[in-house]
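S.K.: Questions regarding the structure given below will be posed in turn.
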Amino acid sequence: MNISKKIIATALLSFVFAFGMAQDDYDYGDDTGGSVIQTLTPSKLIGKGQFDIKWFNNLYTQTESTFSDGTEPRQTFFTSTLEGYTGVGENKRVNLGLILEFRSNVVADRSALDVFSFDGENGTARSGFTSIAPSVKFVPFKNVNNFSVQSSFFIPLVDNETEQGVFLDQNGFIWQNRFFYDYTFPGDKFQLFSEINSELNFGDEADSFANNSLRLTPGIFLSYFPSSKFTVLALAQHSQLIDLGNEFSQDFTAVGGGAKYQLTDELNIEALYTNFVRGNDTGLGETFNIGLRAVF
């Protein structure tokens, strides 16, 4: 890591933690009724002494892209993300946590399920832990507890993005800020959740294809609750990679749906599917996702 990267990393980390810790005290009280999937959306924060742990797994596979016509040799990219947060203070306005990412990718028309072989076959597969991120979640406005921000600084654990033709992950630093908002309609049967994810990729242009760029990804999720412990949802997301000097831009749109179920008072499970319906300079694949979340 050169001196300039160290300075930027230190400055951003200081800002993230200082901004989160500087929030005024405010007590929202406890949510009543419903289950975690209904009352503790990503917009809501946990209290002091509580823990929020999420294990989310995403498998993206493609045989089409905007770079060619017709089908291509299959490529599959698996990402497993472990997030953990704990409440700070008595106000439910600040949570501190850590994010760890593991990836396994296979190319050259190997089966999508080969990402779980972890065999590291030369020219077709790579896997390993790829990034770690200190993170803070905070409620910026004390009277609006259904709007929150998650700010994370991803530190790469990858030396080479691509080896023997197999991409694993970016090896540049990423400053990610996610803005969450939810609204529950009268009757508690329908809930609208929205997110804007921003990722600033920076560093030497030669180190990463995405350095000197900004990715913006707005998304909207509409949930229906047949009961407080079960929900089905529809989603739409758009992602735009904006060139800030790296001479590469990209965009895509994905739609899909899924379901969540509250297994116990503390544990819930979710499953999601998305399809990339359009894009520029991108793959046109689909994702299969499953996650577990425990709040205690």
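Quick note on naming: the chains in the structure tokens go A, B, ... in the order shown, residues restart at 1 in each chain, and ligands are numbered from 1 in order of appearance.
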Using backbone DSSP assignments, extract all strand (DSSP E) residues from range 103-289 of chain A; output them as a ChimeraX atom specification.
M.R.: /A:103-106,125-138,147-156,162-163,166-167,173-184,190-202,213-227,230-243,250-262,267-280,286-289
S.K.: Residues near Asn171 in chain A, anyone? I mean within 7 Å using only C-alpha atoms, not counting same-chain ones fewer than 6 positions away, as number ranges by chain.
M.R.: A: 156, 158-161, 207-208
S.K.: Tell me which protein, DNA and RNA residues are within 7 Å of Asn58 in chain A, counting only C-alpha atoms, leaving out same-chain ones fewer than 3 positions away, and put them as a PyMOL selection string.
M.R.: chain A and resi 78-80+287-290
S.K.: Put those residues in a file: N, CA, C and O atoms, as a PDB file, in the first residue's frame.
M.R.:
```
ATOM      1  N   PHE A  78     -19.770 -16.536  -7.232  1.00  0.00           N
ATOM      2  CA  PHE A  78     -20.441 -16.742  -5.952  1.00  0.00           C
ATOM      3  C   PHE A  78     -19.827 -15.824  -4.908  1.00  0.00           C
ATOM      4  O   PHE A  78     -18.598 -15.752  -4.759  1.00  0.00           O
ATOM      5  N   THR A  79     -20.693 -15.111  -4.171  1.00  0.00           N
ATOM      6  CA  THR A  79     -20.247 -14.213  -3.109  1.00  0.00           C
ATOM      7  C   THR A  79     -20.972 -14.551  -1.822  1.00  0.00           C
ATOM      8  O   THR A  79     -22.204 -14.598  -1.789  1.00  0.00           O
ATOM      9  N   SER A  80     -20.218 -14.782  -0.763  1.00  0.00           N
ATOM     10  CA  SER A  80     -20.779 -15.038   0.553  1.00  0.00           C
ATOM     11  C   SER A  80     -20.346 -13.906   1.480  1.00  0.00           C
ATOM     12  O   SER A  80     -19.145 -13.650   1.648  1.00  0.00           O
ATOM     13  N   THR A 287     -29.386 -14.186 -10.838  1.00  0.00           N
ATOM     14  CA  THR A 287     -28.827 -14.470  -9.521  1.00  0.00           C
ATOM     15  C   THR A 287     -29.797 -15.310  -8.700  1.00  0.00           C
ATOM     16  O   THR A 287     -31.012 -15.180  -8.821  1.00  0.00           O
ATOM     17  N   PHE A 288     -29.208 -16.154  -7.855  1.00  0.00           N
ATOM     18  CA  PHE A 288     -29.950 -16.961  -6.890  1.00  0.00           C
ATOM     19  C   PHE A 288     -29.356 -16.648  -5.526  1.00  0.00           C
ATOM     20  O   PHE A 288     -28.138 -16.757  -5.325  1.00  0.00           O
ATOM     21  N   ASN A 289     -30.219 -16.251  -4.587  1.00  0.00           N
ATOM     22  CA  ASN A 289     -29.727 -15.741  -3.309  1.00  0.00           C
ATOM     23  C   ASN A 289     -30.455 -16.399  -2.148  1.00  0.00           C
ATOM     24  O   ASN A 289     -31.658 -16.626  -2.207  1.00  0.00           O
ATOM     25  N   ILE A 290     -29.688 -16.660  -1.096  1.00  0.00           N
ATOM     26  CA  ILE A 290     -30.281 -17.159   0.137  1.00  0.00           C
ATOM     27  C   ILE A 290     -29.527 -16.555   1.314  1.00  0.00           C
ATOM     28  O   ILE A 290     -28.292 -16.394   1.273  1.00  0.00           O
TER      29      ILE A 290
END
```
S.K.: So which one's closest to His238 in chain A, A:Val115, A:Leu267, A:Leu284, A:Val255? Using only C-alpha atoms, please.
M.R.: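 Selected residue with least distance to His238 in chain A: A:Val255.
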S.K.: Do a neighbour search on range 221-231 of chain A at 6 Å with only C-alpha atoms, toss out local chain neighbours closer than 2 positions, and write the hits as a count of residues only.
M.R.: 14
S.K.: Could you give me, as number ranges by chain, the residues within 9 Å of Glu286 in chain A, counting only C-alpha atoms and dropping anything in the same chain fewer than 2 positions from it?
M.R.: A: 59-62, 254, 273-277, 284, 288
S.K.: Give me the residues within 10 Å of Ser117 in chain A as a list in words, counting only C-alpha atoms and dropping any in the same chain fewer than 5 places off.
M.R.: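 Listing them by chain and then by number gives Ser104, Val106, Ala125 and Ser127 of chain A.
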S.K.: So that I have them on file, write out the residues from the current selection with all heavy atoms, as a PDB file, in the first residue's frame.
M.R.:
```
ATOM      1  N   SER A 104     -16.030 -17.181  -4.757  1.00  0.00           N
ATOM      2  CA  SER A 104     -15.597 -18.348  -5.523  1.00  0.00           C
ATOM      3  C   SER A 104     -16.143 -18.202  -6.935  1.00  0.00           C
ATOM      4  O   SER A 104     -17.360 -18.097  -7.121  1.00  0.00           O
ATOM      5  CB  SER A 104     -16.106 -19.646  -4.880  1.00  0.00           C
ATOM      6  OG  SER A 104     -15.744 -20.776  -5.672  1.00  0.00           O
ATOM      7  N   VAL A 106     -15.972 -19.459 -11.194  1.00  0.00           N
ATOM      8  CA  VAL A 106     -15.551 -20.443 -12.198  1.00  0.00           C
ATOM      9  C   VAL A 106     -15.939 -19.934 -13.577  1.00  0.00           C
ATOM     10  O   VAL A 106     -16.975 -19.272 -13.743  1.00  0.00           O
ATOM     11  CB  VAL A 106     -16.169 -21.834 -11.954  1.00  0.00           C
ATOM     12  CG1 VAL A 106     -15.665 -22.431 -10.643  1.00  0.00           C
ATOM     13  CG2 VAL A 106     -17.684 -21.796 -11.977  1.00  0.00           C
ATOM     14  N   ALA A 125     -10.851 -21.548 -12.232  1.00  0.00           N
ATOM     15  CA  ALA A 125     -11.466 -21.326 -10.914  1.00  0.00           C
ATOM     16  C   ALA A 125     -10.528 -20.580  -9.973  1.00  0.00           C
ATOM     17  O   ALA A 125      -9.302 -20.784 -10.000  1.00  0.00           O
ATOM     18  CB  ALA A 125     -11.871 -22.660 -10.289  1.00  0.00           C
ATOM     19  N   SER A 127     -10.865 -18.872  -5.665  1.00  0.00           N
ATOM     20  CA  SER A 127     -11.704 -18.627  -4.498  1.00  0.00           C
ATOM     21  C   SER A 127     -10.851 -18.100  -3.361  1.00  0.00           C
ATOM     22  O   SER A 127      -9.620 -18.281  -3.342  1.00  0.00           O
ATOM     23  CB  SER A 127     -12.428 -19.907  -4.063  1.00  0.00           C
ATOM     24  OG  SER A 127     -11.502 -20.917  -3.697  1.00  0.00           O
TER      25      SER A 127
END
```
S.K.: I'd like the contact shell of Gln50 in chain A - 7 Å cut-off, only C-alpha atoms, skipping same-chain residues fewer than 3 positions apart - returned as a ChimeraX atom specification.
M.R.: /A:46-47,86-87,296
S.K.: Check the smallest atom-to-atom distance from each of A:Leu241, A:Leu168, A:Val232, A:Ala210 to Gly128 in chain A using only C-alpha atoms, then report the winner.
M.R.: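 Under the stated criterion, the closest residue is A:Leu168.
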S.K.: So, counting only C-alpha atoms, which residue among A:Pro186, A:Gly283, A:Lys142, A:Gln170 is closest to Gln75 in chain A?
M.R.: A:Gly283
